[in-house]
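Okay, coords.cif now, which holds mmCIF, C-alpha atoms:
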data_protein
loop_
_atom_site.label_atom_id
_atom_site.label_comp_id
_atom_site.auth_asym_id
_atom_site.auth_seq_id
_atom_site.Cartn_x
_atom_site.Cartn_y
_atom_site.Cartn_z
CA MET A 1 -86.74 -89.73 199.25
CA SER A 2 -87.82 -87.31 196.55
CA LEU A 3 -89.74 -84.17 197.35
CA VAL A 4 -91.40 -83.97 193.94
CA ALA A 5 -94.45 -85.97 194.98
CA ARG A 6 -94.93 -84.04 198.20
CA VAL A 7 -94.34 -80.43 197.20
CA SER A 8 -96.89 -78.55 195.12
CA ASP A 9 -95.93 -76.38 192.18
CA HIS A 10 -97.11 -73.36 194.17
CA ALA A 11 -94.85 -74.23 197.09
CA LEU A 12 -91.90 -74.71 194.74
CA LEU A 13 -92.55 -71.32 193.16
CA ARG A 14 -92.77 -69.64 196.56
CA ALA A 15 -89.57 -71.37 197.67
CA THR A 16 -87.82 -70.26 194.48
CA ILE A 17 -88.80 -66.65 195.13
CA ALA A 18 -87.60 -66.99 198.73
CA VAL A 19 -84.20 -68.34 197.68
CA ARG A 20 -83.87 -65.59 195.08
CA ALA A 21 -84.54 -63.14 197.91
CA GLN A 22 -81.80 -64.78 200.00
CA PHE A 23 -79.30 -64.35 197.15
CA PHE A 24 -80.38 -60.71 196.84
CA ILE A 25 -79.91 -60.11 200.56
CA ALA A 26 -76.50 -61.81 200.52
CA GLY A 27 -75.43 -59.46 197.74
CA ALA A 28 -76.76 -56.43 199.62
CA LEU A 29 -74.89 -57.43 202.79
CA PHE A 30 -71.66 -57.89 200.83
CA ALA A 31 -72.18 -54.48 199.20
CA THR A 32 -72.82 -52.85 202.57
CA TRP A 33 -69.36 -53.97 203.67
CA GLY A 34 -67.84 -53.04 200.31
CA ILE A 35 -68.99 -49.41 200.22
CA HIS A 36 -67.81 -48.85 203.80
CA VAL A 37 -64.24 -50.01 203.24
CA PRO A 38 -63.11 -46.33 203.12
CA THR A 39 -65.20 -45.64 206.23
CA VAL A 40 -63.55 -48.49 208.13
CA LYS A 41 -60.11 -47.37 206.95
CA GLN A 42 -60.70 -43.86 208.27
CA HIS A 43 -62.55 -44.90 211.45
CA TYR A 44 -59.76 -47.21 212.62
CA GLY A 45 -56.90 -45.13 211.15
CA LEU A 46 -55.59 -48.01 209.01
CA GLY A 47 -53.05 -48.19 206.22
CA GLU A 48 -53.65 -50.38 203.20
CA GLN A 49 -51.75 -53.31 204.68
CA ALA A 50 -53.64 -53.24 208.00
CA LEU A 51 -56.90 -52.95 206.08
CA ALA A 52 -55.83 -55.89 203.93
CA MET A 53 -55.20 -57.95 207.07
CA ALA A 54 -58.74 -57.19 208.25
CA MET A 55 -60.02 -58.47 204.90
CA LEU A 56 -57.78 -61.51 205.29
CA ALA A 57 -59.40 -62.17 208.68
CA SER A 58 -62.74 -62.39 206.89
CA GLY A 59 -61.18 -64.76 204.37
CA VAL A 60 -59.70 -66.96 207.09
CA GLY A 61 -63.08 -67.22 208.81
CA ALA A 62 -64.75 -68.07 205.52
CA VAL A 63 -62.23 -70.65 204.33
CA LEU A 64 -61.99 -72.46 207.68
CA THR A 65 -65.76 -72.62 207.85
CA LEU A 66 -65.95 -73.81 204.26
CA THR A 67 -64.06 -76.99 205.18
CA GLN A 68 -67.08 -78.09 207.24
CA ALA A 69 -69.90 -75.98 205.76
CA GLY A 70 -71.22 -78.78 203.56
CA ARG A 71 -71.58 -81.13 206.50
CA ILE A 72 -73.10 -78.42 208.75
CA VAL A 73 -75.67 -77.45 206.12
CA GLY A 74 -76.32 -81.12 205.42
CA ARG A 75 -77.16 -81.80 209.06
CA GLN A 76 -79.08 -78.62 209.84
CA GLY A 77 -80.66 -78.01 206.43
CA PRO A 78 -80.24 -75.00 204.11
CA ARG A 79 -83.36 -73.30 205.45
CA ARG A 80 -82.22 -73.13 209.06
CA MET A 81 -78.60 -72.33 208.23
CA ALA A 82 -79.56 -69.58 205.77
CA MET A 83 -81.50 -67.84 208.53
CA LEU A 84 -78.80 -68.29 211.18
CA SER A 85 -75.89 -67.29 208.97
CA GLY A 86 -77.73 -64.32 207.49
CA VAL A 87 -78.43 -62.96 210.97
CA LEU A 88 -74.78 -63.57 211.88
CA CYS A 89 -73.61 -61.50 208.89
CA ALA A 90 -76.03 -58.69 209.68
CA GLY A 91 -75.01 -58.66 213.35
CA SER A 92 -71.32 -58.32 212.53
CA LEU A 93 -72.03 -55.33 210.27
CA VAL A 94 -74.16 -53.62 212.91
CA ALA A 95 -71.14 -53.56 215.24
CA LEU A 96 -68.59 -52.66 212.54
CA LEU A 97 -68.05 -49.06 213.73
CA ALA A 98 -69.02 -49.56 217.37
CA SER A 99 -65.41 -49.78 218.56
CA GLN A 100 -62.04 -48.14 217.96
CA SER A 101 -60.13 -51.36 218.62
CA TYR A 102 -58.39 -53.03 215.70
CA ALA A 103 -58.62 -56.36 217.53
CA VAL A 104 -62.41 -56.01 217.69
CA LEU A 105 -62.47 -55.24 213.97
CA LEU A 106 -60.53 -58.42 213.26
CA VAL A 107 -62.98 -60.48 215.32
CA LEU A 108 -65.95 -58.90 213.54
CA MET A 109 -64.39 -59.64 210.16
CA VAL A 110 -63.83 -63.29 211.12
CA VAL A 111 -67.48 -63.52 212.17
CA PHE A 112 -68.57 -61.87 208.92
CA GLY A 113 -66.50 -64.36 206.92
CA ILE A 114 -68.00 -67.29 208.82
CA GLY A 115 -71.51 -66.00 208.23
CA MET A 116 -71.02 -65.31 204.52
CA SER A 117 -69.45 -68.73 203.95
CA LEU A 118 -72.34 -70.56 205.60
CA LEU A 119 -74.91 -68.36 203.87
CA ASP A 120 -73.27 -68.99 200.49
CA VAL A 121 -73.29 -72.77 200.92
CA SER A 122 -76.84 -72.76 202.33
CA ILE A 123 -78.49 -70.79 199.55
CA ASN A 124 -76.55 -72.60 196.82
CA ALA A 125 -77.65 -75.93 198.29
CA ALA A 126 -81.26 -74.73 198.28
CA ALA A 127 -80.87 -73.39 194.73
CA SER A 128 -79.42 -76.70 193.51
CA GLU A 129 -82.32 -78.64 195.01
CA LEU A 130 -84.91 -76.33 193.45
CA GLU A 131 -83.22 -76.59 190.08
CA SER A 132 -83.49 -80.38 190.34
CA LEU A 133 -87.09 -80.39 191.54
CA ARG A 134 -88.31 -77.92 188.93
CA GLU A 135 -86.21 -79.53 186.17
CA ARG A 136 -85.14 -76.14 184.85
CA ASN A 137 -81.87 -74.17 184.58
CA LEU A 138 -82.14 -71.66 187.40
CA MET A 139 -78.62 -71.18 188.78
CA SER A 140 -77.62 -68.18 186.65
CA GLY A 141 -80.79 -66.39 187.71
CA PHE A 142 -80.07 -67.05 191.37
CA HIS A 143 -76.55 -65.66 191.06
CA ALA A 144 -77.91 -62.70 189.13
CA MET A 145 -79.97 -61.83 192.21
CA PHE A 146 -76.75 -61.71 194.26
CA SER A 147 -75.30 -59.19 191.81
CA LEU A 148 -78.56 -57.24 191.75
CA GLY A 149 -78.52 -57.13 195.54
CA GLY A 150 -74.99 -55.75 195.38
CA MET A 151 -76.06 -53.07 192.92
CA VAL A 152 -79.10 -52.03 194.96
CA GLY A 153 -77.18 -52.14 198.24
CA ALA A 154 -74.40 -49.97 196.84
CA GLY A 155 -76.83 -47.59 195.15
CA LEU A 156 -78.84 -47.16 198.33
CA GLY A 157 -75.67 -46.56 200.30
CA SER A 158 -74.57 -43.95 197.78
CA ALA A 159 -77.91 -42.15 198.02
CA LEU A 160 -77.83 -42.11 201.82
CA LEU A 161 -74.24 -40.88 201.95
CA ALA A 162 -75.17 -38.10 199.52
CA ARG A 163 -77.81 -36.99 202.02
CA ALA A 164 -75.24 -36.88 204.82
CA VAL A 165 -76.64 -39.93 206.62
CA LEU A 166 -74.06 -41.12 209.15
CA PRO A 167 -72.26 -44.35 208.22
CA GLU A 168 -73.20 -45.82 211.60
CA THR A 169 -76.87 -45.15 210.90
CA HIS A 170 -76.67 -46.69 207.46
CA LEU A 171 -74.97 -49.83 208.80
CA VAL A 172 -77.48 -50.32 211.60
CA VAL A 173 -80.61 -49.71 209.53
CA THR A 174 -79.43 -51.74 206.53
CA SER A 175 -78.17 -54.64 208.63
CA LEU A 176 -81.30 -54.87 210.78
CA ALA A 177 -83.54 -54.73 207.71
CA SER A 178 -81.44 -57.40 205.97
CA GLY A 179 -81.58 -59.65 209.03
CA ALA A 180 -85.35 -59.33 209.17
CA PHE A 181 -85.73 -60.17 205.47
CA VAL A 182 -83.42 -63.18 205.83
CA LEU A 183 -85.73 -64.58 208.51
CA LEU A 184 -88.88 -63.85 206.52
CA ALA A 185 -87.50 -65.43 203.34
CA GLY A 186 -86.23 -68.40 205.33
CA MET A 187 -89.72 -69.13 206.59
CA VAL A 188 -90.88 -69.64 202.98
CA MET A 189 -88.00 -71.88 201.90
CA LEU A 190 -88.56 -75.64 201.72
CA GLN A 191 -88.55 -77.18 205.18
CA THR A 192 -86.71 -80.32 204.07
CA VAL A 193 -84.16 -80.60 201.30
CA ALA A 194 -83.62 -84.34 201.21
CA GLY A 195 -80.92 -85.58 198.90
CA SER A 196 -79.56 -82.11 198.05
CA SER A 197 -76.54 -82.41 195.84
CA GLN A 198 -74.68 -79.96 198.03
CA GLN A 199 -75.14 -81.77 201.33
CA GLY A 200 -72.47 -83.79 203.05
CA HIS A 201 -69.47 -82.49 201.11
CA GLY A 202 -66.54 -81.15 203.09
CA PHE A 203 -63.41 -79.58 201.69
CA ALA A 204 -61.75 -81.43 198.81
CA LEU A 205 -58.66 -80.59 196.78
CA PRO A 206 -59.23 -80.72 193.01
CA ARG A 207 -56.91 -82.75 190.77
CA GLY A 208 -56.30 -83.06 187.05
CA ALA A 209 -58.85 -81.28 184.89
CA LEU A 210 -60.82 -80.22 187.97
CA GLY A 211 -57.62 -78.77 189.38
CA LEU A 212 -57.17 -76.58 186.32
CA LEU A 213 -60.78 -75.41 186.53
CA GLY A 214 -60.27 -74.68 190.22
CA VAL A 215 -57.25 -72.50 189.48
CA LEU A 216 -59.20 -70.59 186.83
CA ALA A 217 -62.10 -70.13 189.24
CA ALA A 218 -59.68 -68.81 191.86
CA LEU A 219 -58.19 -66.33 189.38
CA GLY A 220 -61.62 -65.11 188.34
CA LEU A 221 -62.90 -64.78 191.88
CA ILE A 222 -59.70 -63.11 193.11
CA ALA A 223 -60.42 -60.40 190.56
CA GLU A 224 -64.13 -60.29 191.45
CA GLY A 225 -63.38 -60.03 195.17
CA ALA A 226 -60.90 -57.24 194.46
CA MET A 227 -63.58 -55.27 192.63
CA TYR A 228 -66.01 -55.68 195.50
CA ASP A 229 -63.58 -54.60 198.20
CA TRP A 230 -61.28 -52.05 196.52
CA SER A 231 -63.27 -50.33 193.77
CA VAL A 232 -64.87 -47.75 196.07
CA LEU A 233 -61.58 -46.96 197.80
CA TYR A 234 -59.91 -46.57 194.39
CA MET A 235 -62.46 -43.91 193.48
CA THR A 236 -62.06 -41.98 196.74
CA GLN A 237 -58.31 -42.35 197.19
CA GLU A 238 -56.84 -42.41 193.69
CA LEU A 239 -59.43 -40.31 191.82
CA LYS A 240 -60.50 -38.07 194.75
CA SER A 241 -64.20 -38.74 194.14
CA ALA A 242 -66.84 -37.82 196.72
CA PRO A 243 -67.99 -40.78 198.87
CA ASP A 244 -71.51 -40.84 197.41
CA PHE A 245 -70.19 -40.88 193.83
CA ALA A 246 -67.50 -43.42 194.69
CA ALA A 247 -70.14 -45.82 196.03
CA LEU A 248 -71.45 -46.05 192.47
CA ALA A 249 -68.29 -47.97 191.53
CA TYR A 250 -69.62 -51.02 193.34
CA ALA A 251 -73.09 -50.45 191.90
CA SER A 252 -71.88 -50.23 188.29
CA PHE A 253 -69.83 -53.42 188.58
CA SER A 254 -72.60 -55.39 190.31
CA GLY A 255 -75.35 -54.04 188.07
CA ALA A 256 -73.56 -55.04 184.88
CA MET A 257 -72.75 -58.46 186.32
CA ALA A 258 -76.41 -58.94 187.28
CA ALA A 259 -77.59 -58.01 183.78
CA ALA A 260 -75.15 -60.48 182.19
CA ARG A 261 -76.15 -63.26 184.56
CA PHE A 262 -79.87 -62.78 183.96
CA GLY A 263 -79.17 -63.61 180.33
CA GLY A 264 -76.47 -66.15 181.18
CA ASP A 265 -78.48 -69.31 180.55
CA TRP A 266 -79.63 -68.03 177.14
CA VAL A 267 -76.04 -67.20 176.11
CA ARG A 268 -74.63 -70.50 177.37
CA ASP A 269 -77.15 -72.37 175.20
CA ARG A 270 -75.73 -70.69 172.10
CA VAL A 271 -71.99 -70.10 172.70
CA SER A 272 -69.39 -72.72 173.56
CA PRO A 273 -67.83 -72.47 177.05
CA ALA A 274 -64.31 -71.89 175.69
CA VAL A 275 -65.37 -69.06 173.37
CA LEU A 276 -67.59 -67.47 176.00
CA MET A 277 -64.89 -67.56 178.68
CA SER A 278 -62.12 -66.31 176.39
CA SER A 279 -64.12 -63.41 174.99
CA SER A 280 -65.54 -62.43 178.37
CA ALA A 281 -62.14 -62.49 180.08
CA ALA A 282 -60.61 -60.51 177.20
CA LEU A 283 -63.31 -57.86 177.67
CA ALA A 284 -62.48 -57.64 181.39
CA THR A 285 -58.77 -57.34 180.63
CA VAL A 286 -59.17 -54.46 178.17
CA ALA A 287 -61.76 -52.66 180.32
CA MET A 288 -59.66 -52.81 183.50
CA ALA A 289 -56.54 -51.64 181.70
CA ALA A 290 -58.48 -48.73 180.19
CA VAL A 291 -59.84 -47.74 183.62
CA LEU A 292 -56.36 -47.51 185.12
CA LEU A 293 -54.86 -45.69 182.14
CA ILE A 294 -57.64 -43.11 181.71
CA ALA A 295 -58.08 -42.52 185.47
CA HIS A 296 -61.25 -40.44 185.12
CA PRO A 297 -64.25 -40.99 187.47
CA VAL A 298 -66.91 -41.29 184.74
CA ALA A 299 -64.72 -43.48 182.55
CA THR A 300 -63.99 -45.60 185.61
CA LEU A 301 -67.68 -46.27 186.25
CA ILE A 302 -68.16 -47.30 182.61
CA GLY A 303 -65.05 -49.45 182.74
CA PHE A 304 -66.08 -51.16 185.98
CA ALA A 305 -69.42 -52.03 184.36
CA LEU A 306 -67.57 -53.65 181.43
CA VAL A 307 -65.37 -55.55 183.89
CA GLY A 308 -68.56 -56.81 185.54
CA LEU A 309 -69.84 -58.03 182.16
CA GLY A 310 -66.55 -59.81 181.60
CA PHE A 311 -66.49 -61.67 184.90
CA ALA A 312 -70.22 -62.47 185.04
CA ASN A 313 -69.92 -65.83 183.28
CA VAL A 314 -66.84 -67.15 185.11
CA VAL A 315 -68.72 -69.05 187.80
CA PRO A 316 -71.56 -70.43 185.61
CA VAL A 317 -69.17 -71.65 182.88
CA LEU A 318 -66.55 -73.20 185.17
CA PHE A 319 -69.08 -74.80 187.51
CA GLY A 320 -71.10 -76.13 184.57
CA THR A 321 -67.99 -77.69 183.06
CA ALA A 322 -66.92 -79.14 186.43
CA ALA A 323 -70.29 -80.87 186.78
CA LYS A 324 -69.67 -82.71 183.50
CA LEU A 325 -66.12 -83.78 184.37
CA ASP A 326 -67.02 -85.70 187.53
CA ALA A 327 -69.15 -88.82 187.87
CA ASN A 328 -70.91 -86.99 190.68
CA PRO A 329 -71.75 -83.52 189.27
CA ALA A 330 -72.22 -82.00 192.73
CA HIS A 331 -68.75 -83.18 193.76
CA GLY A 332 -67.19 -81.62 190.67
CA ILE A 333 -68.81 -78.29 191.47
CA ALA A 334 -67.88 -78.53 195.15
CA VAL A 335 -64.15 -79.07 194.66
CA VAL A 336 -63.85 -76.25 192.10
CA ALA A 337 -65.97 -73.95 194.27
CA SER A 338 -63.72 -74.59 197.26
CA VAL A 339 -60.65 -73.26 195.47
CA GLY A 340 -62.61 -70.48 193.79
CA TYR A 341 -64.06 -69.24 197.06
CA PHE A 342 -60.58 -69.22 198.60
CA GLY A 343 -59.47 -67.03 195.71
CA MET A 344 -62.28 -64.56 196.29
CA MET A 345 -61.23 -64.23 199.93
CA ALA A 346 -57.48 -64.06 199.21
CA GLY A 347 -57.69 -61.47 196.42
CA PRO A 348 -58.47 -58.32 198.46
CA PRO A 349 -55.62 -58.84 200.98
CA LEU A 350 -53.20 -59.54 198.13
CA ILE A 351 -54.10 -56.27 196.45
CA GLY A 352 -53.87 -54.47 199.78
CA VAL A 353 -50.29 -55.63 200.27
CA ILE A 354 -49.40 -54.49 196.73
CA ALA A 355 -51.08 -51.13 197.36
CA GLU A 356 -49.19 -50.65 200.62
CA HIS A 357 -45.83 -51.10 198.90
CA SER A 358 -46.73 -49.35 195.65
CA SER A 359 -50.19 -47.91 194.95
CA LEU A 360 -53.77 -49.05 194.69
CA THR A 361 -53.62 -48.45 190.94
CA VAL A 362 -50.80 -50.98 190.68
CA GLY A 363 -52.70 -53.36 192.96
CA LEU A 364 -55.80 -53.25 190.79
CA ALA A 365 -53.68 -53.87 187.69
CA SER A 366 -53.57 -57.47 188.91
CA VAL A 367 -57.26 -57.72 187.98
CA ALA A 368 -56.33 -57.18 184.34
CA VAL A 369 -53.50 -59.70 184.65
CA PHE A 370 -55.76 -62.40 186.11
CA ALA A 371 -58.38 -61.75 183.44
CA ALA A 372 -55.74 -62.08 180.72
CA ILE A 373 -54.63 -65.44 182.13
CA LEU A 374 -58.24 -66.60 182.09
CA ALA A 375 -58.63 -65.55 178.45
CA LEU A 376 -55.48 -67.42 177.42
CA ALA A 377 -56.12 -70.58 179.46
CA ALA A 378 -59.83 -71.00 178.67
CA PRO A 379 -59.40 -72.78 175.29
CA LYS A 380 -57.28 -75.53 176.87
CA ALA A 381 -59.29 -75.88 180.07
CA LEU A 382 -62.70 -75.84 178.38
CA SER A 383 -61.98 -77.62 175.10
CA PRO A 384 -64.53 -80.33 174.18
CA SER A 385 -61.81 -83.01 174.26
CA ARG A 386 -61.39 -82.49 177.98
#
In structure tokens, how does this file's structure come out?
Amino acid sequence: MSLVARVSDHALLRATIAVRAQFFIAGALFATWGIHVPTVKQHYGLGEQALAMAMLASGVGAVLTLTQAGRIVGRQGPRRMAMLSGVLCAGSLVALLASQSYAVLLVLMVVFGIGMSLLDVSINAAASELESLRERNLMSGFHAMFSLGGMVGAGLGSALLARAVLPETHLVVTSLASGAFVLLAGMVMLQTVAGSSQQGHGFALPRGALGLLGVLAALGLIAEGAMYDWSVLYMTQELKSAPDFAALAYASFSGAMAAARFGGDWVRDRVSPAVLMSSSAALATVAMAAVLLIAHPVATLIGFALVGLGFANVVPVLFGTAAKLDANPAHGIAVVASVGYFGMMAGPPLIGVIAEHSSLTVGLASVAVFAAILALAAPKALSPSR
């Protein structure tokens, strides 16, 4: 049953704003974790490998949940699950520094991964439905709000750290505020999302052309996840930057990605997917290599912003292509997203292991490698003949 006849334009607009707010909050929550990676490392006395295992715990929770997230959201509805999962994420961050036990940290990271996975599926399901009901391209704008939330969350964290606000205080205040906004935004979302293209899909392995797109999505999101989780630590550990200045690493990456995504639909209307992906990935490759070679804090912030510009179009281009390759567009997106999301979760632990046995600089060099592979593979994967 369609909702078009029963939902007013005003209600659709309010719901769109609410879902944009949910994407923003999700980005802010992710940034809150990202800027406190050095804090967690110091608080628990961890090496890079132990820290990487904590990140892997989050990835395990996310990936295991992702196998059933489509069905859970389909039964409960995106509105309810967005509220529940958002509160779950916020609650895990509130307790992040409440213990000295590494086992407790691992449990909290699993819970955080579960919450973020469900929140991601919930808000994307709601976004897909709104895009269908309003008959407009909206997805790039929704994802831009996630990046904007990351930029604002990291910038706010940097400002508070500069004013000597305790990390515990920042985590509690930010998490409680985010939880409250998740509930308020959820109350404005559509009550029923009948026939959402994202409902009812469990985990599925991609094959053929979808398999290639899934691999590219994984490579892109491995690199993106690495930037979220390791960029701040790189600034503090490798470049000896102050914590408040280092927090700007996350903000510069997310801010540039948000800006590129806000204009993403306009660019995609005018540039072919293969050319856009190749040029964007090439930009990310050169920028990341320059960051690691120059090794200067200011140059690093500029470089991270350029890396954000380069990776901004990975998800919109690959998901858009996947929708055209499958008879059921939602299924095409779902199978590619499954592999891509796994990549985003697996990337940070992989870089942590490399950093433990070499250095974080060497670990982050993998970002440039993955971007280069994307640039080279894009023409074949996204050619019109496919």
**Asked** If the PyMOL selection byres ((chain A and resi 149) around 7) is run on the structure shown, which residues does it catch, given as a list in words?
**Response** Phe24, Ile25, Gly27, Ala28, Met145, Phe146, Ser147, Leu148, Gly150, Met151, Val152 and Gly153 of chain A
**Asked** the PyMOL selection byres ((chain A and resi 236) around 12) on the file shown: which residues, as a ChimeraX atom specification?
**Response** /A:35-39,41-42,230-235,237-249,295-297,300,360
**Message:** Take the PyMOL selection byres ((chain A and resi 107) around 12), run it mentally on this structure, and tell me the resulting residues as JSON, numbers by chain.
**Reply:** {"A": [53, 54, 55, 56, 57, 58, 59, 60, 61, 92, 93, 95, 96, 99, 101, 102, 103, 104, 105, 106, 108, 109, 110, 111, 112, 113, 114]}
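We find atom CA of Val173 of chain A and atom CA of Leu156 of chain A to be spaced 11.6 Å apart.
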**Message:** For a quick check of understanding, using all atoms listed in the file, which of A:Ile294, A:Val73, A:Ala312, A:Ala15 has the smallest distance to Gly263 of chain A?
**Reply:**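 Looking at the shortest contact to Gly263 of chain A, the residue is A:Ala312.
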Which residues of segment 68-134 of chain A sit at most 8 Å from segment 182-190 of chain A, using all atoms listed in the file? Give each one's shortest atom pair and distance in Å (one decimal place), in chain and ascending residue order, as a tab-separated table.
residue	atom	partner	partner_atom	distance
A:Arg79	CA	A:Gly186	CA	5.7
A:Arg80	CA	A:Gly186	CA	7.2
A:Ala82	CA	A:Gly186	CA	6.8
A:Met83	CA	A:Leu183	CA	5.3
A:Gly86	CA	A:Val182	CA	6.0
A:Val87	CA	A:Val182	CA	7.2
**Message:** Let me make sure I understand: among A:Leu350, A:Ala11, A:Val314, A:Ala21, which one has the smallest atom-to-atom distance to Leu221 of chain A if we use all atoms listed in the file?
**Reply:** A:Val314
**Message:** For a quick check of understanding, using all atoms listed in the file, which of A:Ala31, A:Leu325, A:Ala346, A:Ile351 has the smallest distance to Ser178 of chain A?
**Reply:**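 Closest to Ser178 of chain A, using all atoms listed in the file: A:Ala31.
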**Nearest residue to Leu171 of chain A from the set A:Gln76, A:Thr32, A:Ser8, A:Ser279 (distances using only C-alpha atoms)** =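 Closest candidate: A:Thr32.
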**Request:** Give me the residues within 6 Å of Ala258 of chain A as a ChimeraX atom specification, counting only C-alpha atoms and dropping any in the same chain fewer than 2 places off.
**Result:** /A:144,147-148,255-256,260-261
**Nearest candidate to Ala281 of chain A (options A:Ser85, A:Val267, A:Ala299, A:Ile373; using only C-alpha atoms)** = A:Ile373
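Of the residues under consideration (A:Ala218, A:Ala154, A:Ala378, A:Ile123), A:Ala154 shows the shortest atom-to-atom contact distance to Ala251 of chain A when counting only C-alpha atoms.
In this model, the gap between atom CA of Gln22 of chain A and atom CA of Pro78 of chain A comes to 11.1 Å.
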**Message:** Residues within 12 Å of Ala375 of chain A, please, as a VMD selection string. Count only C-alpha atoms; anything in the same chain fewer than 4 positions from it doesn't count.
**Reply:** chain A and resid 216 219 to 220 273 to 286 310 to 311 314 368 to 371 379 to 382
**d(atom CA of Asn124 of chain A, atom CA of Met139 of chain A) in Å** =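 Taking atom CA of Asn124 of chain A as the start and atom CA of Met139 of chain A as the end point, the length is 8.4 Å.
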If I only have part of segment 207-218 of chain A, can you fill in N, CA and C atoms and write it as a short mmCIF file (atom, residue, chain, number, x, y, z; two decimals), keeping the file's coordinate frame?
data_model
loop_
_atom_site.label_atom_id
_atom_site.label_comp_id
_atom_site.auth_asym_id
_atom_site.auth_seq_id
_atom_site.Cartn_x
_atom_site.Cartn_y
_atom_site.Cartn_z
N ARG A 207 -58.06 -82.18 191.47
CA ARG A 207 -56.91 -82.75 190.77
C ARG A 207 -57.21 -82.81 189.28
N GLY A 208 -56.14 -82.90 188.48
CA GLY A 208 -56.30 -83.06 187.05
C GLY A 208 -57.07 -81.91 186.42
N ALA A 209 -58.05 -82.28 185.58
CA ALA A 209 -58.85 -81.28 184.89
C ALA A 209 -59.62 -80.40 185.87
N LEU A 210 -60.12 -81.01 186.95
CA LEU A 210 -60.82 -80.22 187.97
C LEU A 210 -59.86 -79.25 188.64
N GLY A 211 -58.60 -79.66 188.79
CA GLY A 211 -57.62 -78.77 189.38
C GLY A 211 -57.40 -77.53 188.53
N LEU A 212 -57.33 -77.72 187.21
CA LEU A 212 -57.17 -76.58 186.32
C LEU A 212 -58.38 -75.66 186.38
N LEU A 213 -59.57 -76.24 186.40
CA LEU A 213 -60.78 -75.41 186.53
C LEU A 213 -60.79 -74.67 187.86
N GLY A 214 -60.33 -75.33 188.92
CA GLY A 214 -60.27 -74.68 190.22
C GLY A 214 -59.34 -73.48 190.22
N VAL A 215 -58.19 -73.62 189.57
CA VAL A 215 -57.25 -72.50 189.48
C VAL A 215 -57.86 -71.34 188.70
N LEU A 216 -58.55 -71.65 187.60
CA LEU A 216 -59.20 -70.59 186.83
C LEU A 216 -60.30 -69.91 187.64
N ALA A 217 -61.06 -70.71 188.39
CA ALA A 217 -62.10 -70.13 189.24
C ALA A 217 -61.48 -69.21 190.29
N ALA A 218 -60.35 -69.64 190.85
CA ALA A 218 -59.68 -68.81 191.86
C ALA A 218 -59.21 -67.49 191.24
#
